[in-house]
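Structure file model-v1.cif (mmCIF, C-alpha atoms and all ligand atoms) follows.
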```
data_query
loop_
_atom_site.label_atom_id
_atom_site.label_comp_id
_atom_site.auth_asym_id
_atom_site.auth_seq_id
_atom_site.Cartn_x
_atom_site.Cartn_y
_atom_site.Cartn_z
CA MET B 1446 93.15 155.73 86.62
CA LYS B 1447 92.18 159.23 85.63
CA SER B 1448 88.93 159.60 83.77
CA LYS B 1449 89.08 161.46 80.54
CA SER B 1450 86.72 164.37 79.85
CA ASN B 1451 83.09 163.38 80.20
CA LYS B 1452 83.66 159.68 79.82
CA LEU B 1453 81.90 157.33 82.19
CA THR B 1454 84.23 155.04 84.13
CA GLU B 1455 83.54 152.00 86.25
CA GLU B 1456 85.21 153.63 89.26
CA GLN B 1457 82.71 156.52 89.26
CA ILE B 1458 79.66 154.33 89.75
CA ARG B 1459 81.18 151.33 91.54
CA PRO B 1460 84.06 152.66 93.63
CA LYS B 1461 86.68 150.00 94.34
CA LEU B 1462 86.60 150.48 98.08
CA LEU B 1463 82.86 149.91 98.22
CA LYS B 1464 83.16 146.99 95.84
CA LYS B 1465 85.40 145.24 98.38
CA LYS B 1466 82.87 145.77 101.15
CA ILE B 1467 80.15 144.43 98.93
CA LYS B 1468 81.84 141.06 98.52
CA LYS B 1469 80.64 139.66 101.83
CA ASN B 1470 77.07 140.66 101.04
CA PHE B 1471 77.39 139.21 97.57
CA TYR B 1472 78.37 135.79 98.91
CA HIS B 1473 75.60 135.88 101.47
CA ASP B 1474 73.07 136.44 98.67
CA LEU B 1475 74.62 133.82 96.42
CA LYS B 1476 74.53 131.23 99.20
CA TYR B 1477 70.87 132.00 99.85
CA LEU B 1478 70.02 131.14 96.26
CA VAL B 1479 72.33 128.21 95.62
CA SER B 1480 71.30 126.45 98.83
CA ARG B 1481 67.76 126.41 97.40
CA LYS B 1482 68.77 124.91 94.07
CA LYS B 1483 66.41 121.99 94.48
CA SER B 1484 63.47 124.28 93.86
CA PHE B 1485 64.94 125.73 90.63
CA GLU B 1486 62.89 125.22 87.46
CA LYS B 1487 63.97 124.44 83.91
CA VAL B 1488 62.88 126.97 81.29
CA SER B 1489 62.91 127.26 77.50
CA CYS B 1490 64.68 130.13 75.72
CA PRO B 1491 63.33 133.42 77.13
CA GLY B 1492 63.92 135.07 73.74
CA CYS B 1493 62.27 132.69 71.25
CA GLN B 1494 60.83 129.93 73.49
CA ASN B 1495 63.02 127.27 71.82
CA LYS B 1496 63.17 124.14 73.96
CA ASN B 1497 66.42 122.56 72.74
CA ASN B 1498 69.24 124.55 74.24
CA LYS B 1499 72.91 123.83 74.79
CA LYS B 1500 75.11 124.06 77.84
CA TYR B 1501 76.97 127.38 77.73
CA LEU B 1502 78.79 127.99 80.99
CA GLU B 1503 78.72 127.46 84.71
CA LYS B 1504 79.52 130.02 87.36
CA ASN B 1505 79.08 129.88 91.13
CA LYS B 1506 77.23 126.56 90.75
CA ILE B 1507 74.68 128.20 88.49
CA ASN B 1508 74.05 126.70 85.09
CA TYR B 1509 73.71 128.74 81.87
CA LEU B 1510 72.26 127.48 78.61
CA ILE B 1511 72.45 129.08 75.17
CA CYS B 1512 69.76 128.99 72.51
CA PRO B 1513 71.25 127.88 69.17
CA LYS B 1514 68.52 129.78 67.32
CA CYS B 1515 68.69 133.29 68.79
CA LYS B 1516 71.88 133.17 70.91
CA THR B 1517 70.14 134.23 74.09
CA PHE B 1518 71.94 132.72 77.03
CA PHE B 1519 70.16 132.22 80.30
CA VAL B 1520 70.07 130.56 83.69
CA SER B 1521 68.30 127.20 83.62
CA PRO B 1522 67.22 125.68 85.91
CA ARG B 1523 66.42 128.99 87.62
CA PRO B 1524 64.87 130.22 90.87
CA PRO B 1525 61.07 130.33 90.55
CA GLU B 1526 59.14 133.59 90.98
CA LYS B 1527 58.25 133.10 94.64
CA LEU B 1528 61.87 132.38 95.58
CA LEU B 1529 63.09 135.43 93.64
CA GLU B 1530 60.63 137.58 95.54
CA GLU B 1531 61.96 136.26 98.87
CA PHE B 1532 65.52 136.59 97.63
CA TYR B 1533 65.26 140.29 96.85
CA LYS B 1534 63.48 140.96 100.14
CA GLN B 1535 66.36 139.50 102.15
CA SER B 1536 69.16 140.62 99.82
CA LYS B 1537 72.15 142.04 101.67
CA VAL B 1538 73.53 143.49 98.44
CA TYR B 1539 70.41 145.58 97.89
CA GLU B 1540 70.43 146.70 101.50
CA PHE B 1541 74.05 147.78 101.07
CA PHE B 1542 73.29 149.60 97.81
CA ASN B 1543 70.37 151.43 99.40
CA ASN B 1544 72.30 152.39 102.52
CA TYR B 1545 75.76 153.11 101.11
CA ILE B 1546 76.36 152.90 97.38
CA PHE B 1547 73.33 154.87 96.17
CA PRO B 1548 73.66 157.70 98.70
CA GLN B 1549 77.43 157.96 98.15
CA THR B 1550 77.31 157.86 94.37
CA GLU B 1551 73.96 159.51 93.73
CA LYS B 1552 75.40 162.72 92.31
CA ILE B 1553 77.62 160.97 89.82
CA ARG B 1554 74.97 158.34 88.99
CA SER B 1555 72.45 161.09 88.43
CA LYS B 1556 74.80 162.91 86.08
CA LYS B 1557 76.31 159.91 84.30
CA ILE B 1558 73.46 157.40 84.24
CA ALA B 1559 70.05 158.96 84.95
CA LYS B 1560 70.62 162.21 83.04
CA PRO B 1561 71.70 160.46 79.80
CA ARG B 1562 68.63 158.20 80.17
CA VAL B 1563 66.34 161.22 80.49
CA ASP B 1564 68.09 162.92 77.56
CA ASN B 1565 67.66 159.80 75.45
CA ILE B 1566 63.95 159.54 76.29
CA LEU B 1567 63.48 163.23 75.41
CA LYS B 1568 65.30 162.76 72.12
CA LEU B 1569 63.23 159.68 71.24
CA SER B 1570 59.97 161.42 72.27
CA LYS B 1571 60.75 164.31 69.96
CA LYS B 1572 61.80 161.98 67.17
CA TYR B 1573 58.50 160.10 67.37
CA LYS B 1574 56.54 163.35 67.83
CA LEU B 1575 55.18 162.72 71.31
CA LEU B 1576 53.77 165.89 72.80
CA LYS B 1577 53.61 166.12 76.59
CA PRO B 1578 53.65 162.32 76.97
CA SER B 1579 52.77 160.60 80.23
CA ILE B 1580 55.49 158.25 81.44
CA LEU B 1581 55.59 155.29 83.82
CA GLU B 1582 58.82 153.82 85.15
CA VAL B 1583 58.77 150.20 86.32
CA GLY B 1584 61.45 149.54 88.95
CA PRO B 1585 62.64 153.10 89.72
CA GLY B 1586 65.31 152.04 92.25
CA TYR B 1587 66.41 155.19 94.01
CA GLY B 1588 63.98 157.35 92.02
CA THR B 1589 66.74 159.35 90.32
CA PHE B 1590 65.41 158.99 86.78
CA CYS B 1591 61.83 159.97 87.72
CA SER B 1592 63.00 162.92 89.71
CA LEU B 1593 65.09 164.25 86.78
CA ALA B 1594 62.24 163.51 84.35
CA ASN B 1595 59.89 165.56 86.56
CA ARG B 1596 62.27 168.49 86.50
CA THR B 1597 62.30 168.69 82.70
CA LYS B 1598 58.58 169.58 82.69
CA PHE B 1599 58.45 167.77 79.36
CA PHE B 1600 56.08 165.03 80.56
CA SER B 1601 52.41 165.51 81.43
CA SER B 1602 52.94 163.09 84.33
CA VAL B 1603 55.74 160.96 85.79
CA ASP B 1604 54.68 157.83 87.72
CA ALA B 1605 56.57 154.85 89.13
CA VAL B 1606 55.75 151.25 90.10
CA GLU B 1607 57.92 149.87 92.89
CA PRO B 1608 57.01 146.85 95.04
CA SER B 1609 59.67 147.22 97.74
CA PRO B 1610 58.70 149.49 100.68
CA GLU B 1611 62.21 151.05 100.84
CA GLY B 1612 62.25 151.79 97.12
CA ALA B 1613 58.73 153.23 97.18
CA ASP B 1614 59.73 155.36 100.16
CA ASN B 1615 62.75 156.73 98.31
CA CYS B 1616 60.41 157.78 95.50
CA ARG B 1617 57.93 159.45 97.84
CA LYS B 1618 60.76 161.43 99.41
CA LYS B 1619 61.49 162.76 95.92
CA ARG B 1620 57.79 163.59 95.49
CA ILE B 1621 57.27 161.02 92.77
CA ASN B 1622 53.82 159.50 92.36
CA VAL B 1623 54.58 155.86 93.16
CA TYR B 1624 52.40 152.73 93.18
CA GLU B 1625 53.79 150.36 95.82
CA GLU B 1626 53.00 147.17 93.93
CA THR B 1627 54.43 144.76 91.37
CA ILE B 1628 53.51 145.57 87.78
CA GLU B 1629 51.85 142.15 87.54
CA ASN B 1630 49.46 142.99 90.41
CA LEU B 1631 49.00 146.68 89.65
CA LYS B 1632 45.36 147.69 89.27
CA ILE B 1633 44.93 151.22 87.97
CA LYS B 1634 42.83 152.63 85.15
CA LYS B 1635 45.44 155.08 83.91
CA LYS B 1636 47.25 154.32 80.63
CA PHE B 1637 50.53 155.84 79.55
CA ASP B 1638 52.21 157.08 76.38
CA ILE B 1639 55.57 155.68 77.46
CA VAL B 1640 56.53 152.85 79.82
CA VAL B 1641 60.22 152.59 80.66
CA ASN B 1642 62.35 150.24 82.69
CA PHE B 1643 66.07 150.18 83.15
CA GLU B 1644 68.03 146.98 83.85
CA VAL B 1645 65.04 145.03 85.12
CA ILE B 1646 64.19 142.39 82.54
CA GLU B 1647 67.42 140.42 82.99
CA HIS B 1648 66.46 139.70 86.62
CA LEU B 1649 63.09 138.12 85.94
CA PHE B 1650 61.84 134.57 85.83
CA SER B 1651 59.56 135.36 82.91
CA PRO B 1652 60.51 138.38 80.78
CA LYS B 1653 57.57 137.72 78.47
CA LYS B 1654 55.05 137.88 81.30
CA PHE B 1655 56.66 141.14 82.43
CA ILE B 1656 56.40 142.75 78.99
CA LEU B 1657 52.76 141.67 78.69
CA SER B 1658 52.02 143.08 82.16
CA MET B 1659 53.50 146.44 81.21
CA LYS B 1660 51.69 146.43 77.90
CA LYS B 1661 48.34 146.60 79.71
CA PHE B 1662 49.23 150.09 80.89
CA LEU B 1663 50.23 151.40 77.48
CA LYS B 1664 47.91 153.37 75.23
CA LYS B 1665 47.40 152.07 71.73
CA LYS B 1666 50.59 152.81 69.73
CA GLY B 1667 52.28 153.59 73.05
CA PHE B 1668 56.03 153.21 73.47
CA MET B 1669 57.97 150.79 75.61
CA ILE B 1670 61.58 151.70 76.13
CA LEU B 1671 63.96 149.55 78.12
CA THR B 1672 67.61 148.84 78.73
CA CYS B 1673 69.28 145.52 79.52
CA PRO B 1674 72.61 143.79 78.99
CA ASN B 1675 73.48 142.61 75.49
CA GLY B 1676 74.81 139.11 76.10
CA MET B 1677 76.63 139.25 72.77
CA GLY B 1678 78.30 142.54 73.78
CA PHE B 1679 82.06 142.96 73.96
CA ASP B 1680 82.99 142.78 77.63
CA ILE B 1681 80.57 139.94 78.38
CA GLN B 1682 81.78 137.88 75.43
CA ILE B 1683 85.46 138.51 76.20
CA LEU B 1684 85.30 138.04 79.95
CA LYS B 1685 82.57 135.34 80.03
CA GLU B 1686 82.64 133.78 83.56
CA LYS B 1687 85.00 136.56 84.70
CA SER B 1688 82.44 139.23 83.81
CA ASP B 1689 80.77 140.86 86.80
CA SER B 1690 77.67 141.17 84.63
CA ILE B 1691 77.32 137.41 84.78
CA ASP B 1692 76.08 136.80 88.29
CA HIS B 1693 73.29 135.01 90.15
CA GLU B 1694 70.92 137.98 89.82
CA HIS B 1695 70.93 138.06 86.05
CA LEU B 1696 68.92 135.26 84.52
CA ASN B 1697 68.49 136.48 80.93
CA TYR B 1698 71.11 137.70 78.46
CA PHE B 1699 69.31 138.84 75.33
CA ASN B 1700 70.94 140.38 72.27
CA PRO B 1701 69.62 142.74 69.56
CA LEU B 1702 68.22 139.85 67.52
CA SER B 1703 66.61 137.88 70.34
CA ILE B 1704 65.01 140.81 72.14
CA GLU B 1705 63.38 141.75 68.86
CA LYS B 1706 61.87 138.25 68.62
CA LEU B 1707 60.61 138.51 72.17
CA PHE B 1708 58.90 141.85 71.57
CA GLU B 1709 57.37 140.68 68.32
CA SER B 1710 55.90 137.67 70.12
CA CYS B 1711 54.22 140.16 72.49
CA ASN B 1712 52.73 142.04 69.53
CA PHE B 1713 55.08 144.98 69.52
CA LYS B 1714 56.82 146.56 66.60
CA ILE B 1715 60.51 147.23 67.18
CA LEU B 1716 61.43 150.77 66.18
CA GLU B 1717 65.08 150.66 67.10
CA ILE B 1718 67.68 148.81 69.11
CA PHE B 1719 71.01 150.39 69.90
CA THR B 1720 73.93 149.77 72.26
CA PRO B 1721 75.26 153.08 73.61
CA GLY B 1722 77.30 151.44 76.42
CA GLN B 1723 80.54 153.21 77.25
CA LEU B 1724 82.10 150.78 79.67
CA ASP B 1725 83.06 147.67 77.66
CA VAL B 1726 86.72 148.49 77.05
CA ASP B 1727 87.10 149.96 80.54
CA LEU B 1728 85.66 146.82 82.15
CA VAL B 1729 87.98 144.44 80.30
CA ARG B 1730 90.97 146.72 80.90
CA ASN B 1731 90.27 146.94 84.65
CA LYS B 1732 90.05 143.16 84.94
CA ILE B 1733 93.44 142.86 83.26
CA LEU B 1734 95.03 145.60 85.38
CA ASP B 1735 93.60 143.94 88.51
CA LYS B 1736 95.21 140.67 87.32
CA LYS B 1737 91.88 138.87 87.33
CA PHE B 1738 91.94 138.22 83.62
CA ASN B 1739 94.47 138.16 80.83
CA LEU B 1740 94.30 138.23 77.10
CA ASP B 1741 97.20 135.77 76.88
CA SER B 1742 98.59 135.95 73.40
CA ASN B 1743 95.72 137.94 71.94
CA PHE B 1744 98.04 140.65 70.64
CA PHE B 1745 95.27 142.36 68.73
CA LEU B 1746 93.15 143.14 71.79
CA ASN B 1747 96.19 143.75 74.01
CA ASP B 1748 97.27 146.44 71.60
CA ILE B 1749 93.92 148.24 71.82
CA ILE B 1750 93.06 147.72 75.46
CA ILE B 1751 96.46 147.88 77.19
CA ASP B 1752 99.40 149.06 75.08
CA ASN B 1753 97.67 151.81 73.13
CA TYR B 1754 94.60 152.39 75.28
CA ASP B 1755 94.95 156.18 75.19
CA THR B 1756 94.85 156.39 71.44
CA LYS B 1757 92.84 153.32 70.46
CA GLY B 1758 90.61 152.48 73.44
CA ASN B 1759 88.10 155.26 72.86
CA GLU B 1760 87.95 154.67 69.14
CA PHE B 1761 87.33 150.99 69.71
CA GLN B 1762 84.53 151.72 72.17
CA LYS B 1763 82.94 153.99 69.55
CA TYR B 1764 83.16 151.16 67.03
CA LEU B 1765 81.38 148.83 69.47
CA ILE B 1766 78.62 151.38 70.03
CA ASN B 1767 78.09 152.02 66.33
CA ASN B 1768 77.88 148.32 65.49
CA ARG B 1769 75.51 147.20 68.28
CA LEU B 1770 78.39 145.37 69.95
CA SER B 1771 78.45 147.10 73.31
CA SER B 1772 77.02 145.11 76.19
CA ASN B 1773 74.52 147.79 77.23
CA MET B 1774 71.39 147.75 75.07
CA TRP B 1775 68.40 150.02 74.47
CA VAL B 1776 65.14 148.79 72.99
CA VAL B 1777 62.43 151.07 71.61
CA ALA B 1778 59.20 149.26 70.79
CA GLN B 1779 55.69 150.34 69.90
CA LYS B 1780 52.46 148.64 70.89
CA LYS B 1781 50.55 147.59 67.79
ZN ZN I 1 66.08 131.52 71.44
#
```

In structure tokens, what does this structure look like?
Ligand SMILES: [Zn+2]
Amino acid sequence: MKSKSNKLTEEQIRPKLLKKKIKKNFYHDLKYLVSRKKSFEKVSCPGCQNKNNKKYLEKNKINYLICPKCKTFFVSPRPPEKLLEEFYKQSKVYEFFNNYIFPQTEKIRSKKIAKPRVDNILKLSKKYKLLKPSILEVGPGYGTFCSLANRTKFFSSVDAVEPSPEGADNCRKKRINVYEETIENLKIKKKFDIVVNFEVIEHLFSPKKFILSMKKFLKKKGFMILTCPNGMGFDIQILKEKSDSIDHEHLNYFNPLSIEKLFESCNFKILEIFTPGQLDVDLVRNKILDKKFNLDSNFFLNDIIIDNYDTKGNEFQKYLINNRLSSNMWVVAQKK
């Protein structure tokens, strides 16, 4: 499939050939977790702490509940913190990403993912009149965002917190000031104007604890900006179990309403929540073209996604973005 103009496509960041190779590693990781199911712990809703939740779906022997109050869906019972730590240390998928996917797709990821993130942060900083803000990224991965942020010279400082030795090393190679530690155990005096994290919160046992840990390093009225999946977004809701976004690594699927509740319970004021994701239609379309999913007799969606994709697909994606219905979400919150 040819990509149109500047549009982001799934193929650019997750090439099919590499995706095939990743399968073996994926099942290795999944087996590691599922074979330790006995140690999993039940949790209440990670969005609003509601205790009475309903069964939502099951995938790969992992159980998902949905909160009837805020529509967050989440893994419960789930791997406890200690097990998650061990899991990510031994993860074959992460090893594969670090050794193959990231190096091979860094250019395109930098342009299509990290650059728009930096641009968005710059735009928001200007909008909220932040002059020369200091910024801390929690979970920098390959260090691409920090490295681009450094280059803008807009920030007074760019720091990162990364517990894994490989990740921290990647950052050092890019001359990023990195603290090799978890945010929960980080002990520094410095406070920041902005703390960001991208696609981290959905992986965590306790999102609330994570937000409160980050909050300690924010100045008064400081900004926390994060991205995560919107569980009520288009491709996730259409594909459900067939969605690659629903996997053993992702424990929490917030939505615009529930993430607001979570931040408010941590004493933040939500400034804005938006869903600029570009991939929803592409993801559903690719699943159909790969014959892994079909819309059966849903003529309405077939018309948009398959039959008239060239004329309607883009417009539909724009509609999803403008109505907070895309499955990629941004949250901008301010410490009270
Ligand atoms: Zn809830």

Task: Nearby polymer residues, ligand ZN 1 (chain I), at most 12 Å, all atoms listed in the file, as a ChimeraX atom specification - done: /B:1488-1499,1510-1519,1697-1707,1710

Closest contacts (region 1682-1708 of chain B/region 1461-1479 of chain B, max 9 Å, all atoms listed in the file) as CSV:
```
residue,atom,partner,partner_atom,distance
B:Asp1692,CA,B:Leu1475,CA,8.8
B:His1693,CA,B:Leu1475,CA,6.5
B:Glu1694,CA,B:Leu1475,CA,8.6
```

Open item on the list: Under the rule that only C-alpha atoms are counted, which of B:Gln1549, B:Ser1601, B:Ser1688, B:Gln1779 is the nearest residue to Asn1731 (chain B)?
Closed with: B:Ser1688

Open item on the list: Just checking: using all atoms listed in the file, which residue out of B:Val1726, B:Leu1529, B:Leu1649, B:Cys1616 ends up closest to Lys1757 (chain B)?
Closed with: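 For Lys1757 (chain B), the nearest of the candidates is B:Val1726.
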
- [ ] Would you please work out which residue, of B:Phe1650, B:Phe1600, B:Phe1542, B:Phe1590, is nearest to Glu1526 (chain B) when using all atoms listed in the file?
- [x] B:Phe1650

Set the distance at 9 Å and use only C-alpha atoms: which residues neighbour Ile1751 (chain B) once local chain neighbours fewer than 3 positions away are removed? I'd like the list as a JSON list (two decimals) with C-alpha atoms, keeping the file's coordinate frame.
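Just written: selection.json:
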```json
[["chain", "number", "residue", "atom", "x", "y", "z"],
["B", 1730, "ARG", "CA", 90.97, 146.72, 80.90],
["B", 1733, "ILE", "CA", 93.44, 142.86, 83.26],
["B", 1734, "LEU", "CA", 95.03, 145.60, 85.38],
["B", 1746, "LEU", "CA", 93.15, 143.14, 71.79],
["B", 1747, "ASN", "CA", 96.19, 143.75, 74.01],
["B", 1748, "ASP", "CA", 97.27, 146.44, 71.60],
["B", 1754, "TYR", "CA", 94.60, 152.39, 75.28],
["B", 1755, "ASP", "CA", 94.95, 156.18, 75.19],
["B", 1758, "GLY", "CA", 90.61, 152.48, 73.44]]
```

Task: Which residue of B:Lys1685, B:Ile1633, B:Ser1771, B:Pro1674 approaches Glu1503 (chain B) most closely, using all atoms listed in the file - done: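 For Glu1503 (chain B), the nearest of the given residues is B:Lys1685.
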
TODO: Can you work out the spacing between CA of Lys1660 (chain B) and CA of Leu1770 (chain B) in Å, to one decimal?
DONE: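 Value for the CA of Lys1660 (chain B)-CA of Leu1770 (chain B) distance: 27.9 Å.
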
Open item on the list: Give me the residues near Glu1551 (chain B) as a VMD selection string, where near means some atom within 9 Å (using all atoms listed in the file) and where sequence neighbours in that chain fewer than 5 positions away do not count.
Closed with: chain B and resid 1458 1546 1556 1587 1589

Residue selection dump (C-alpha atoms) as a PDB file, keeping the file's coordinate frame:
```pdb
ATOM      1  CA  ILE B1458      79.660 154.330  89.750  1.00  0.00           C
ATOM      2  CA  ILE B1546      76.360 152.900  97.380  1.00  0.00           C
ATOM      3  CA  LYS B1556      74.800 162.910  86.080  1.00  0.00           C
ATOM      4  CA  TYR B1587      66.410 155.190  94.010  1.00  0.00           C
ATOM      5  CA  THR B1589      66.740 159.350  90.320  1.00  0.00           C
TER       6      THR B1589
END
```

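CA of Pro1524 (chain B) sits 4.5 Å away from CA of Phe1485 (chain B).
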
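Among the candidates B:Lys1653, B:Thr1672, B:His1695, B:Phe1744, the residue lying nearest to Glu1709 (chain B) is B:Lys1653 (atoms considered: all atoms listed in the file).
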
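Reported to one decimal place, the separation of CA of Ser1742 (chain B) from CA of Lys1687 (chain B) is 17.7 Å.
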
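Each of B:Ser1570, B:Ile1580, B:Leu1657, B:Met1774 was checked against Gly1676 (chain B) using all atoms listed in the file; the smallest atom-to-atom distance is that of B:Met1774.
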
- [ ] Find the residues near Lys1482 (chain B): any atom within 9 Å, counting only C-alpha atoms, skip ones fewer than 5 places away on the same chain, and give them as an MDAnalysis selection string.
- [x] chainID B and resid 1507 1522:1524

- [ ] With a distance cut-off of 10 Å and only C-alpha atoms, select the neighbouring residues of region 1634-1640 of chain B, excluding the residue or stretch itself and same-chain residues fewer than 3 positions from it, and output the selection as a ChimeraX atom specification.
- [x] /B:1566,1570,1575-1583,1600-1605,1631,1659-1671,1778-1779

- [ ] Please provide the set of residues having any atom within 10 Å of Glu1686 (chain B), restricted to all atoms listed in the file, with same-chain residues fewer than 4 positions apart removed, written as a PyMOL selection string.
- [x] chain B and resi 1502-1505+1681-1682+1690-1692
